[in-house]
$ cat protein15.json   # JSON, C-alpha atoms
[["chain", "number", "residue", "atom", "x", "y", "z"],
["V", 40, "MET", "CA", 164.21, 160.10, 124.59],
["V", 41, "SER", "CA", 165.83, 156.66, 124.50],
["V", 42, "THR", "CA", 169.34, 156.36, 123.10],
["V", 43, "ASN", "CA", 168.87, 152.66, 122.50],
["V", 44, "PRO", "CA", 168.56, 152.22, 118.70],
["V", 45, "SER", "CA", 166.58, 149.02, 119.10],
["V", 46, "SER", "CA", 163.95, 150.73, 121.25],
["V", 47, "GLY", "CA", 162.37, 152.59, 118.34],
["V", 48, "ALA", "CA", 162.39, 149.47, 116.21],
["V", 49, "ARG", "CA", 160.57, 147.56, 118.93],
["V", 50, "GLN", "CA", 157.99, 150.32, 119.28],
["V", 51, "GLU", "CA", 157.49, 150.47, 115.51],
["V", 52, "THR", "CA", 157.03, 146.71, 115.33],
["V", 53, "THR", "CA", 154.54, 146.76, 118.20],
["V", 54, "SER", "CA", 152.61, 149.63, 116.59],
["V", 55, "ALA", "CA", 152.52, 147.91, 113.22],
["V", 56, "ALA", "CA", 151.18, 144.73, 114.81],
["V", 57, "ALA", "CA", 148.41, 146.50, 116.72],
["V", 58, "PRO", "CA", 145.01, 145.42, 115.35],
["V", 59, "GLU", "CA", 142.90, 148.02, 113.64],
["V", 60, "PRO", "CA", 139.51, 148.53, 115.32],
["V", 61, "LEU", "CA", 136.59, 147.08, 113.41],
["V", 62, "TYR", "CA", 134.57, 150.27, 113.80],
["V", 63, "GLY", "CA", 136.21, 153.37, 112.39],
["V", 64, "GLY", "CA", 139.31, 151.67, 111.02],
["V", 65, "HIS", "CA", 141.08, 153.07, 107.97],
["V", 66, "HIS", "CA", 142.64, 150.15, 106.12],
["V", 67, "HIS", "CA", 142.04, 150.23, 102.38],
["V", 68, "ARG", "CA", 140.42, 146.85, 101.97],
["V", 69, "ARG", "CA", 137.11, 145.24, 102.76],
["V", 70, "VAL", "CA", 136.33, 144.05, 106.25],
["V", 71, "SER", "CA", 136.52, 140.27, 106.25],
["V", 72, "VAL", "CA", 135.17, 137.43, 108.37],
["V", 73, "ARG", "CA", 138.65, 137.17, 109.89],
["V", 74, "ASP", "CA", 138.43, 140.79, 111.05],
["V", 75, "ILE", "CA", 135.05, 140.10, 112.62],
["V", 76, "ALA", "CA", 136.33, 136.96, 114.37],
["V", 77, "ALA", "CA", 139.32, 138.89, 115.68],
["V", 78, "ALA", "CA", 137.03, 141.59, 117.10],
["V", 79, "LYS", "CA", 135.14, 138.87, 119.00],
["V", 80, "ASP", "CA", 138.42, 137.56, 120.39],
["V", 81, "ARG", "CA", 139.35, 141.07, 121.55],
["V", 82, "GLY", "CA", 135.96, 141.66, 123.15],
["V", 83, "GLU", "CA", 135.42, 144.60, 120.80],
["V", 84, "ARG", "CA", 131.84, 145.69, 120.16],
["V", 85, "TRP", "CA", 130.83, 147.00, 116.75],
["V", 86, "PRO", "CA", 127.82, 148.44, 114.89],
["V", 87, "MET", "CA", 126.02, 147.19, 111.79],
["V", 88, "LEU", "CA", 123.49, 149.20, 109.77],
["V", 89, "THR", "CA", 121.15, 148.48, 106.93],
["V", 90, "SER", "CA", 121.69, 150.26, 103.62],
["V", 91, "TYR", "CA", 119.84, 150.07, 100.32],
["V", 92, "ASP", "CA", 121.51, 152.61, 98.02],
["V", 93, "ALA", "CA", 124.91, 153.99, 97.07],
["V", 94, "LEU", "CA", 124.53, 157.37, 98.80],
["V", 95, "THR", "CA", 123.77, 156.02, 102.27],
["V", 96, "ALA", "CA", 126.36, 153.27, 101.77],
["V", 97, "ARG", "CA", 129.01, 155.92, 101.16],
["V", 98, "LEU", "CA", 127.97, 157.92, 104.23],
["V", 99, "PHE", "CA", 127.87, 154.91, 106.55],
["V", 100, "ASP", "CA", 131.12, 153.53, 105.13],
["V", 101, "GLU", "CA", 132.89, 156.85, 105.67],
["V", 102, "ALA", "CA", 131.47, 156.95, 109.21],
["V", 103, "GLY", "CA", 133.35, 153.71, 109.85],
["V", 104, "ILE", "CA", 130.47, 151.22, 109.98],
["V", 105, "PRO", "CA", 132.20, 147.88, 109.28],
["V", 106, "VAL", "CA", 129.22, 145.83, 108.08],
["V", 107, "LEU", "CA", 126.30, 146.97, 105.93],
["V", 108, "LEU", "CA", 123.24, 144.74, 105.60],
["V", 109, "VAL", "CA", 121.00, 145.00, 102.57],
["V", 110, "GLY", "CA", 118.05, 143.63, 104.47],
["V", 111, "ASP", "CA", 114.82, 142.13, 103.25],
["V", 112, "SER", "CA", 113.44, 145.06, 105.26],
["V", 113, "ALA", "CA", 113.76, 146.77, 101.87],
["V", 114, "ALA", "CA", 110.34, 145.27, 101.28],
["V", 115, "MET", "CA", 108.96, 147.88, 103.67],
["V", 116, "VAL", "CA", 111.34, 150.86, 103.61],
["V", 117, "VAL", "CA", 112.04, 150.79, 99.85],
["V", 118, "TYR", "CA", 109.12, 149.02, 98.21],
["V", 119, "GLY", "CA", 106.30, 149.98, 100.59],
["V", 120, "HIS", "CA", 105.07, 146.55, 101.68],
["V", 121, "GLU", "CA", 103.76, 145.89, 105.20],
["V", 122, "GLN", "CA", 106.00, 142.82, 105.70],
["V", 123, "THR", "CA", 109.32, 141.50, 104.45],
["V", 124, "LEU", "CA", 107.75, 138.50, 102.71],
["V", 125, "PRO", "CA", 106.97, 139.98, 99.25],
["V", 126, "VAL", "CA", 110.47, 141.17, 98.30],
["V", 127, "THR", "CA", 112.28, 139.06, 95.70],
["V", 128, "VAL", "CA", 115.87, 138.24, 94.81],
["V", 129, "ASP", "CA", 115.51, 140.22, 91.57],
["V", 130, "GLU", "CA", 114.40, 143.27, 93.57],
["V", 131, "LEU", "CA", 117.24, 143.00, 96.09],
["V", 132, "ILE", "CA", 120.13, 142.38, 93.70],
["V", 133, "PRO", "CA", 120.21, 145.96, 92.32],
["V", 134, "LEU", "CA", 120.13, 147.33, 95.88],
["V", 135, "VAL", "CA", 123.01, 145.10, 96.96],
["V", 136, "ALA", "CA", 125.02, 146.13, 93.89],
["V", 137, "ALA", "CA", 124.42, 149.81, 94.67],
["V", 138, "VAL", "CA", 125.60, 149.41, 98.27],
["V", 139, "VAL", "CA", 128.73, 147.57, 97.12],
["V", 140, "ARG", "CA", 129.52, 150.32, 94.62],
["V", 141, "GLY", "CA", 128.88, 153.05, 97.19],
["V", 142, "SER", "CA", 131.23, 151.61, 99.82],
["V", 143, "HIS", "CA", 134.90, 150.68, 99.85],
["V", 144, "ARG", "CA", 135.62, 149.22, 103.31],
["V", 145, "ALA", "CA", 132.44, 147.74, 104.75],
["V", 146, "MET", "CA", 131.51, 144.11, 104.32],
["V", 147, "VAL", "CA", 128.21, 144.06, 102.44],
["V", 148, "VAL", "CA", 125.81, 141.29, 103.50],
["V", 149, "ALA", "CA", 122.86, 140.39, 101.28],
["V", 150, "ASP", "CA", 119.68, 139.19, 102.97],
["V", 151, "MET", "CA", 118.24, 136.10, 101.27],
["V", 152, "PRO", "CA", 114.50, 136.75, 100.98],
["V", 153, "PHE", "CA", 111.62, 134.44, 101.79],
["V", 154, "GLY", "CA", 111.26, 131.58, 99.32],
["V", 155, "SER", "CA", 114.79, 131.87, 97.96],
["V", 156, "TYR", "CA", 116.51, 129.20, 100.09],
["V", 157, "GLN", "CA", 113.99, 127.17, 102.10],
["V", 158, "SER", "CA", 113.22, 124.42, 99.60],
["V", 159, "SER", "CA", 116.70, 122.88, 99.30],
["V", 160, "PRO", "CA", 120.45, 123.39, 99.75],
["V", 161, "ALA", "CA", 120.76, 123.60, 95.96],
["V", 162, "GLN", "CA", 118.25, 126.46, 95.81],
["V", 163, "ALA", "CA", 120.03, 128.22, 98.66],
["V", 164, "LEU", "CA", 123.42, 127.93, 96.96],
["V", 165, "ASP", "CA", 122.01, 129.18, 93.65],
["V", 166, "THR", "CA", 120.53, 132.24, 95.38],
["V", 167, "ALA", "CA", 123.68, 132.99, 97.35],
["V", 168, "ALA", "CA", 125.78, 132.64, 94.20],
["V", 169, "ARG", "CA", 123.56, 135.17, 92.39],
["V", 170, "PHE", "CA", 124.09, 137.73, 95.14],
["V", 171, "VAL", "CA", 127.86, 137.24, 94.92],
["V", 172, "LYS", "CA", 128.18, 137.05, 91.12],
["V", 173, "GLU", "CA", 125.58, 139.61, 90.05],
["V", 174, "ALA", "CA", 125.72, 142.08, 92.95],
["V", 175, "GLY", "CA", 129.18, 141.66, 94.45],
["V", 176, "ALA", "CA", 127.95, 140.73, 97.93],
["V", 177, "HIS", "CA", 130.61, 139.60, 100.39],
["V", 178, "ALA", "CA", 128.30, 137.43, 102.50],
["V", 179, "VAL", "CA", 124.65, 136.39, 102.75],
["V", 180, "LYS", "CA", 122.18, 136.16, 105.63],
["V", 181, "LEU", "CA", 119.38, 133.67, 106.12],
["V", 182, "GLU", "CA", 116.87, 132.96, 108.85],
["V", 183, "GLY", "CA", 116.39, 129.82, 110.91],
["V", 184, "GLY", "CA", 118.22, 127.23, 112.94],
["V", 185, "LEU", "CA", 118.25, 123.45, 112.64],
["V", 186, "ARG", "CA", 115.97, 123.42, 109.61],
["V", 187, "VAL", "CA", 118.41, 125.43, 107.47],
["V", 188, "LEU", "CA", 121.67, 123.80, 108.51],
["V", 189, "PRO", "CA", 122.02, 121.91, 105.19],
["V", 190, "GLN", "CA", 121.59, 125.22, 103.36],
["V", 191, "VAL", "CA", 124.22, 126.92, 105.52],
["V", 192, "GLU", "CA", 126.67, 124.07, 105.00],
["V", 193, "ALA", "CA", 126.16, 124.09, 101.22],
["V", 194, "ILE", "CA", 126.72, 127.85, 100.95],
["V", 195, "VAL", "CA", 129.76, 127.89, 103.24],
["V", 196, "SER", "CA", 131.26, 124.90, 101.43],
["V", 197, "ALA", "CA", 131.06, 126.92, 98.22],
["V", 198, "GLY", "CA", 133.14, 129.67, 99.81],
["V", 199, "ILE", "CA", 130.40, 132.17, 100.64],
["V", 200, "PRO", "CA", 130.26, 133.45, 104.24],
["V", 201, "VAL", "CA", 126.90, 133.04, 105.98],
["V", 202, "MET", "CA", 125.33, 135.17, 108.72],
["V", 203, "GLY", "CA", 122.61, 133.39, 110.68],
["V", 204, "HIS", "CA", 119.44, 134.92, 112.15],
["V", 205, "LEU", "CA", 117.50, 133.59, 115.15],
["V", 206, "GLY", "CA", 114.74, 134.74, 117.46],
["V", 207, "LEU", "CA", 112.08, 136.86, 115.84],
["V", 208, "THR", "CA", 112.73, 135.93, 112.23],
["V", 209, "PRO", "CA", 110.40, 138.21, 110.23],
["V", 210, "GLN", "CA", 110.00, 135.71, 107.39],
["V", 211, "SER", "CA", 108.24, 133.41, 109.89],
["V", 212, "VAL", "CA", 105.97, 136.11, 111.30],
["V", 213, "ASN", "CA", 102.82, 134.23, 110.26],
["V", 214, "VAL", "CA", 103.94, 131.15, 112.21],
["V", 215, "PHE", "CA", 104.75, 133.25, 115.28],
["V", 216, "GLY", "CA", 101.38, 134.98, 115.13],
["V", 217, "GLY", "CA", 102.90, 138.44, 115.00],
["V", 218, "TYR", "CA", 105.99, 140.31, 116.11],
["V", 219, "ARG", "CA", 106.51, 138.83, 119.57],
["V", 220, "VAL", "CA", 109.47, 138.15, 121.86],
["V", 221, "GLN", "CA", 111.02, 134.76, 121.11],
["V", 222, "GLY", "CA", 113.05, 132.40, 123.27],
["V", 223, "ARG", "CA", 111.24, 132.54, 126.57],
["V", 224, "GLY", "CA", 111.10, 129.41, 128.72],
["V", 225, "GLU", "CA", 111.93, 126.12, 126.99],
["V", 226, "ALA", "CA", 112.13, 127.90, 123.64],
["V", 227, "GLY", "CA", 115.30, 129.52, 124.92],
["V", 228, "GLU", "CA", 117.10, 126.17, 125.04],
["V", 229, "GLN", "CA", 116.08, 125.47, 121.46],
["V", 230, "LEU", "CA", 117.42, 128.85, 120.39],
["V", 231, "MET", "CA", 120.68, 128.09, 122.19],
["V", 232, "GLN", "CA", 120.97, 124.79, 120.33],
["V", 233, "ASP", "CA", 120.15, 126.48, 117.05],
["V", 234, "ALA", "CA", 122.90, 129.06, 117.63],
["V", 235, "LYS", "CA", 125.49, 126.40, 118.40],
["V", 236, "SER", "CA", 124.41, 124.37, 115.38],
["V", 237, "LEU", "CA", 124.74, 127.39, 113.09],
["V", 238, "GLN", "CA", 128.25, 127.91, 114.39],
["V", 239, "GLU", "CA", 129.12, 124.26, 113.76],
["V", 240, "ALA", "CA", 127.67, 124.51, 110.25],
["V", 241, "GLY", "CA", 130.10, 127.33, 109.47],
["V", 242, "ALA", "CA", 128.15, 130.55, 110.04],
["V", 243, "PHE", "CA", 130.51, 133.43, 110.87],
["V", 244, "SER", "CA", 127.98, 135.35, 113.00],
["V", 245, "VAL", "CA", 124.36, 135.23, 114.09],
["V", 246, "VAL", "CA", 121.71, 137.92, 114.50],
["V", 247, "LEU", "CA", 119.54, 137.62, 117.62],
["V", 248, "GLU", "CA", 116.28, 139.53, 117.18],
["V", 249, "VAL", "CA", 113.78, 140.33, 119.93],
["V", 250, "VAL", "CA", 114.89, 137.76, 122.48],
["V", 251, "PRO", "CA", 115.26, 138.19, 126.26],
["V", 252, "ALA", "CA", 118.49, 139.98, 127.16],
["V", 253, "GLU", "CA", 119.49, 137.22, 129.58],
["V", 254, "LEU", "CA", 119.19, 134.58, 126.87],
["V", 255, "ALA", "CA", 121.15, 136.70, 124.37],
["V", 256, "GLU", "CA", 123.91, 137.08, 126.96],
["V", 257, "ARG", "CA", 124.06, 133.31, 127.49],
["V", 258, "VAL", "CA", 124.21, 132.67, 123.76],
["V", 259, "THR", "CA", 126.91, 135.31, 123.30],
["V", 260, "ARG", "CA", 129.07, 133.76, 126.01],
["V", 261, "SER", "CA", 128.62, 130.26, 124.60],
["V", 262, "LEU", "CA", 129.61, 131.05, 121.00],
["V", 263, "ALA", "CA", 133.01, 131.64, 119.44],
["V", 264, "ILE", "CA", 131.34, 133.61, 116.65],
["V", 265, "PRO", "CA", 129.86, 137.07, 117.29],
["V", 266, "THR", "CA", 126.22, 137.72, 118.05],
["V", 267, "ILE", "CA", 124.50, 140.76, 116.55],
["V", 268, "GLY", "CA", 121.62, 142.05, 118.62],
["V", 269, "ILE", "CA", 118.46, 143.84, 117.61],
["V", 270, "GLY", "CA", 116.14, 143.99, 120.58],
["V", 271, "ALA", "CA", 118.36, 141.47, 122.38],
["V", 272, "GLY", "CA", 119.98, 143.54, 125.13],
["V", 273, "ALA", "CA", 123.44, 145.00, 125.54],
["V", 274, "ALA", "CA", 125.52, 141.84, 125.94],
["V", 275, "CYS", "CA", 125.69, 140.97, 122.24],
["V", 276, "ASP", "CA", 128.98, 141.51, 120.42],
["V", 277, "ALA", "CA", 127.38, 143.90, 117.92],
["V", 278, "GLN", "CA", 124.15, 145.82, 117.37],
["V", 279, "VAL", "CA", 122.16, 146.43, 114.20],
["V", 280, "LEU", "CA", 119.34, 148.82, 113.32],
["V", 281, "VAL", "CA", 117.41, 149.71, 110.19],
["V", 282, "TRP", "CA", 118.92, 153.09, 109.38],
["V", 283, "GLN", "CA", 115.57, 154.75, 108.70],
["V", 284, "ASP", "CA", 114.50, 153.82, 112.25],
["V", 285, "LEU", "CA", 117.70, 155.23, 113.74],
["V", 286, "ALA", "CA", 117.33, 158.47, 111.74],
["V", 287, "GLY", "CA", 113.65, 159.01, 112.53],
["V", 288, "LEU", "CA", 112.37, 158.53, 108.99],
["V", 289, "THR", "CA", 109.92, 155.77, 109.86],
["V", 290, "PRO", "CA", 106.72, 156.86, 111.65],
["V", 291, "PRO", "CA", 106.38, 156.27, 115.40],
["V", 292, "PRO", "CA", 105.67, 154.29, 117.40],
["V", 293, "GLY", "CA", 108.36, 151.81, 116.40],
["V", 294, "PRO", "CA", 109.55, 148.63, 118.12],
["V", 295, "ARG", "CA", 110.73, 148.96, 121.70],
["V", 296, "PHE", "CA", 114.36, 148.41, 120.71],
["V", 297, "VAL", "CA", 114.45, 151.41, 118.34],
["V", 298, "LYS", "CA", 116.19, 154.55, 119.57],
["V", 299, "ARG", "CA", 115.82, 157.59, 117.32],
["V", 300, "TYR", "CA", 119.05, 159.56, 117.05],
["V", 301, "ALA", "CA", 117.77, 162.23, 114.66],
["V", 302, "ASP", "CA", 114.59, 163.67, 113.15],
["V", 303, "VAL", "CA", 115.50, 163.32, 109.49],
["V", 304, "ALA", "CA", 111.80, 163.20, 108.59],
["V", 305, "GLY", "CA", 111.30, 166.62, 110.17],
["V", 306, "VAL", "CA", 114.42, 168.11, 108.59],
["V", 307, "LEU", "CA", 113.50, 166.81, 105.15],
["V", 308, "THR", "CA", 109.89, 167.96, 105.44],
["V", 309, "ASP", "CA", 111.01, 171.46, 106.45],
["V", 310, "ALA", "CA", 113.48, 171.62, 103.57],
["V", 311, "VAL", "CA", 110.86, 170.56, 101.03],
["V", 312, "ARG", "CA", 108.31, 173.07, 102.35],
["V", 313, "THR", "CA", 110.87, 175.88, 102.32],
["V", 314, "TRP", "CA", 111.87, 175.08, 98.74],
["V", 315, "ALA", "CA", 108.25, 174.75, 97.63],
["V", 316, "GLY", "CA", 107.45, 178.14, 99.18],
["V", 317, "GLU", "CA", 110.33, 179.78, 97.31],
["V", 318, "VAL", "CA", 109.15, 178.23, 94.04],
["V", 319, "ILE", "CA", 105.66, 179.62, 94.62],
["V", 320, "ASP", "CA", 106.78, 183.13, 95.55],
["V", 321, "GLY", "CA", 109.40, 183.26, 92.80],
["V", 322, "THR", "CA", 112.53, 183.56, 94.95],
["V", 323, "TYR", "CA", 113.88, 180.24, 93.66],
["V", 324, "PRO", "CA", 115.71, 179.96, 91.39],
["V", 325, "GLY", "CA", 117.65, 183.13, 92.13],
["V", 326, "GLU", "CA", 120.26, 184.79, 89.97],
["V", 327, "GLU", "CA", 122.97, 182.63, 91.51],
["V", 328, "HIS", "CA", 121.10, 179.50, 90.39],
["V", 329, "SER", "CA", 120.67, 180.60, 86.77],
["V", 330, "TYR", "CA", 122.91, 180.31, 83.71],
["V", 331, "HIS", "CA", 123.73, 183.04, 81.15]]

$ encode --input "protein15.json" --output "structure tokens"
Amino acid sequence: MSTNPSSGARQETTSAAAPEPLYGGHHHRRVSVRDIAAAKDRGERWPMLTSYDALTARLFDEAGIPVLLVGDSAAMVVYGHEQTLPVTVDELIPLVAAVVRGSHRAMVVADMPFGSYQSSPAQALDTAARFVKEAGAHAVKLEGGLRVLPQVEAIVSAGIPVMGHLGLTPQSVNVFGGYRVQGRGEAGEQLMQDAKSLQEAGAFSVVLEVVPAELAERVTRSLAIPTIGIGAGAACDAQVLVWQDLAGLTPPPGPRFVKRYADVAGVLTDAVRTWAGEVIDGTYPGEEHSYH
């Protein structure tokens, strides 16, 4: 043990200055865009998950997930549509509010649905402001590159952080002719330019969906802001999945990029069948489940 009294002070100062990891950290405040930028500077990878309700938000938040996305994928996994296009701002706002209430550390990002920002910067700002004012969102996400730069600039100028989204942008699925890999060949250079333009417009991060891994790596190296991959290889700064895909709730086969880490559908089905059987044979509710 050192007898130098200043040694402990130096160690304490160094320890206090050590950055908290983005994933699994324990500080009692929300993750901010500054935290995310610092993780990029450190070369630290991190996970992002979707969430649509307070219960899963609490679980994912306690697991240390630093960013929760209330995606327009709610159109399919919550509301039962076949695409993301039908979901509305009014349908997403209660979901965003629930995720905010269910979490205490994670940054909650609200997905801006189709038709809620494309027509003008003013429309985009109005939509983003609703998510912040009515639901408590900490940031918003929108799809597109050069064509939405005025929208991004308007939202950021109003003080609302913006997450970009390039590659396979589901709201443009009808233009793409289906869910296909984007950014091959010359289209890759356009995606690169879009990513740089989003950064210049003030976006704090950008999702890259279903693009060649080599292109995603190039984009990641070229940007000062983090890239978040989904079907974009391992070189991105972060990765995101729809939690129902990760947990095995959605029916197979899923997209190639989905890895199932659990069979929640099987567990839940077994639990329901066991309970139903006990109801039918009269063993539930038992004495311990009854009041007197």

$ closest_residue --input "protein15.json" --among "V:Val279, V:Ala163, V:Ile75, V:Ala252" --to "V:Leu108" --atoms "only C-alpha atoms"
V:Val279

$ closest_atom_pairs --input "protein15.json" --of "stretch 69-169 of chain V" --to "stretch 228-243 of chain V" --cutoff "12 Å" --atoms "all atoms listed in the file" --output "JSON lines"
{"residue": "V:Ser71", "atom": "CA", "partner": "V:Phe243", "partner_atom": "CA", "distance": 10.2}
{"residue": "V:Val72", "atom": "CA", "partner": "V:Phe243", "partner_atom": "CA", "distance": 6.6}
{"residue": "V:Arg73", "atom": "CA", "partner": "V:Phe243", "partner_atom": "CA", "distance": 9.0}
{"residue": "V:Asp74", "atom": "CA", "partner": "V:Phe243", "partner_atom": "CA", "distance": 10.8}
{"residue": "V:Ile75", "atom": "CA", "partner": "V:Phe243", "partner_atom": "CA", "distance": 8.3}
{"residue": "V:Ala76", "atom": "CA", "partner": "V:Phe243", "partner_atom": "CA", "distance": 7.7}
{"residue": "V:Ala77", "atom": "CA", "partner": "V:Phe243", "partner_atom": "CA", "distance": 11.4}
{"residue": "V:Lys79", "atom": "CA", "partner": "V:Phe243", "partner_atom": "CA", "distance": 10.8}
{"residue": "V:Val148", "atom": "CA", "partner": "V:Phe243", "partner_atom": "CA", "distance": 11.8}

$ closest_atom_pairs --input "protein15.json" --of "stretch 132-174 of chain V" --to "stretch 183-201 of chain V" --cutoff "10 Å" --atoms "all atoms listed in the file" --output "tab-separated table"
residue	atom	partner	partner_atom	distance
V:Val148	CA	V:Val201	CA	8.7
V:Ala149	CA	V:Val201	CA	9.6
V:Asp150	CA	V:Val201	CA	10.0
V:Tyr156	CA	V:Gln190	CA	7.2
V:Gln157	CA	V:Val187	CA	7.2
V:Ser158	CA	V:Gln190	CA	9.2
V:Ser159	CA	V:Gln190	CA	6.8
V:Pro160	CA	V:Gln190	CA	4.2
V:Ala161	CA	V:Ala193	CA	7.6
V:Gln162	CA	V:Gln190	CA	8.3
V:Ala163	CA	V:Gln190	CA	5.8
V:Leu164	CA	V:Ile194	CA	5.2
V:Asp165	CA	V:Ile194	CA	8.8
V:Thr166	CA	V:Ile194	CA	9.4
V:Ala167	CA	V:Ile194	CA	7.0
V:Ala168	CA	V:Ile199	CA	7.9
V:Val171	CA	V:Ile199	CA	8.1

$ residues_around --input "protein15.json" --residues "V:Glu101" --least-positions-apart "3" --cutoff "10 Å" --atoms "all atoms listed in the file" --output "PyMOL selection string"
chain V and resi 63-65+95-98+104-105+142-145

$ closest_residue --input "protein15.json" --among "V:Ala137, V:Met146, V:Val179, V:Leu254" --to "V:Gly110" --atoms "only C-alpha atoms"
V:Val179

$ residues_around --input "protein15.json" --residues "V:Tyr62" --least-positions-apart "2" --cutoff "10 Å" --atoms "all atoms listed in the file" --output "list in words"
Glu59, Pro60, Gly64, His65, Val70, Ala78, Glu83, Arg84, Trp85, Pro86, Met87, Asp100, Ala102, Gly103, Ile104, Pro105, Val106 and Ala145 of chain V

$ atom_distance --input "protein15.json" --atom1 "atom CA of V:Pro290" --atom2 "atom CA of V:Gly305"
10.9 Å

$ closest_residue --input "protein15.json" --among "V:Phe153, V:Gln122, V:Asp276, V:Val303" --to "V:Leu288" --atoms "all atoms listed in the file"
V:Val303

$ atom_distance --input "protein15.json" --atom1 "atom CA of V:Thr123" --atom2 "atom CA of V:Thr89"
14.0 Å

$ atom_distance --input "protein15.json" --atom1 "atom CA of V:Ala113" --atom2 "atom CA of V:Ala301"
20.5 Å

$ residues_near_point --input "protein15.json" --point "(110.0, 138.7, 100.9)" --cutoff "12 Å" --atoms "only C-alpha atoms" --output "ChimeraX atom specification"
/V:110-115,118-131,150-156,181-182,208-212

$ closest_residue --input "protein15.json" --among "V:Ala136, V:Leu88, V:Ala271, V:Val245" --to "V:Leu285" --atoms "all atoms listed in the file"
V:Leu88

$ residues_around --input "protein15.json" --residues "V:Arg260" --least-positions-apart "4" --cutoff "10 Å" --atoms "only C-alpha atoms" --output "ChimeraX atom specification"
/V:254-256,264-266,274-276

$ residues_around --input "protein15.json" --residues "V:Ala304" --least-positions-apart "3" --cutoff "10 Å" --atoms "all atoms listed in the file" --output "PDB file with C-alpha atoms, in the coordinates of the input"
ATOM      1  CA  GLN V 283     115.570 154.750 108.700  1.00  0.00           C
ATOM      2  CA  ALA V 286     117.330 158.470 111.740  1.00  0.00           C
ATOM      3  CA  GLY V 287     113.650 159.010 112.530  1.00  0.00           C
ATOM      4  CA  LEU V 288     112.370 158.530 108.990  1.00  0.00           C
ATOM      5  CA  THR V 289     109.920 155.770 109.860  1.00  0.00           C
ATOM      6  CA  PRO V 290     106.720 156.860 111.650  1.00  0.00           C
ATOM      7  CA  ALA V 301     117.770 162.230 114.660  1.00  0.00           C
ATOM      8  CA  LEU V 307     113.500 166.810 105.150  1.00  0.00           C
ATOM      9  CA  THR V 308     109.890 167.960 105.440  1.00  0.00           C
ATOM     10  CA  ASP V 309     111.010 171.460 106.450  1.00  0.00           C
ATOM     11  CA  ALA V 310     113.480 171.620 103.570  1.00  0.00           C
TER      12      ALA V 310
END

$ decode --input "protein15.json" --residues "stretch 257-275 of chain V" --atoms "C-alpha atoms" --output "compact mmCIF listing (two decimals), in the first residue's frame"
# COMPACT_ATOMS: atom_id res chain seq x y z
CA ARG V 257 -17.14 2.54 -45.15
CA VAL V 258 -19.96 4.77 -43.95
CA THR V 259 -19.14 4.06 -40.31
CA ARG V 260 -15.49 5.00 -40.82
CA SER V 261 -16.40 8.18 -42.68
CA LEU V 262 -18.83 9.58 -40.10
CA ALA V 263 -18.20 11.27 -36.76
CA ILE V 264 -21.69 10.26 -35.64
CA PRO V 265 -22.51 6.61 -34.83
CA THR V 266 -24.10 4.19 -37.27
CA ILE V 267 -26.72 1.74 -36.04
CA GLY V 268 -26.89 -1.43 -38.08
CA ILE V 269 -29.78 -3.74 -38.80
CA GLY V 270 -28.75 -6.18 -41.50
CA ALA V 271 -25.67 -4.04 -42.17
CA GLY V 272 -22.82 -6.20 -40.89
CA ALA V 273 -20.69 -6.05 -37.78
CA ALA V 274 -18.73 -2.85 -38.39
CA CYS V 275 -21.48 -0.44 -37.33
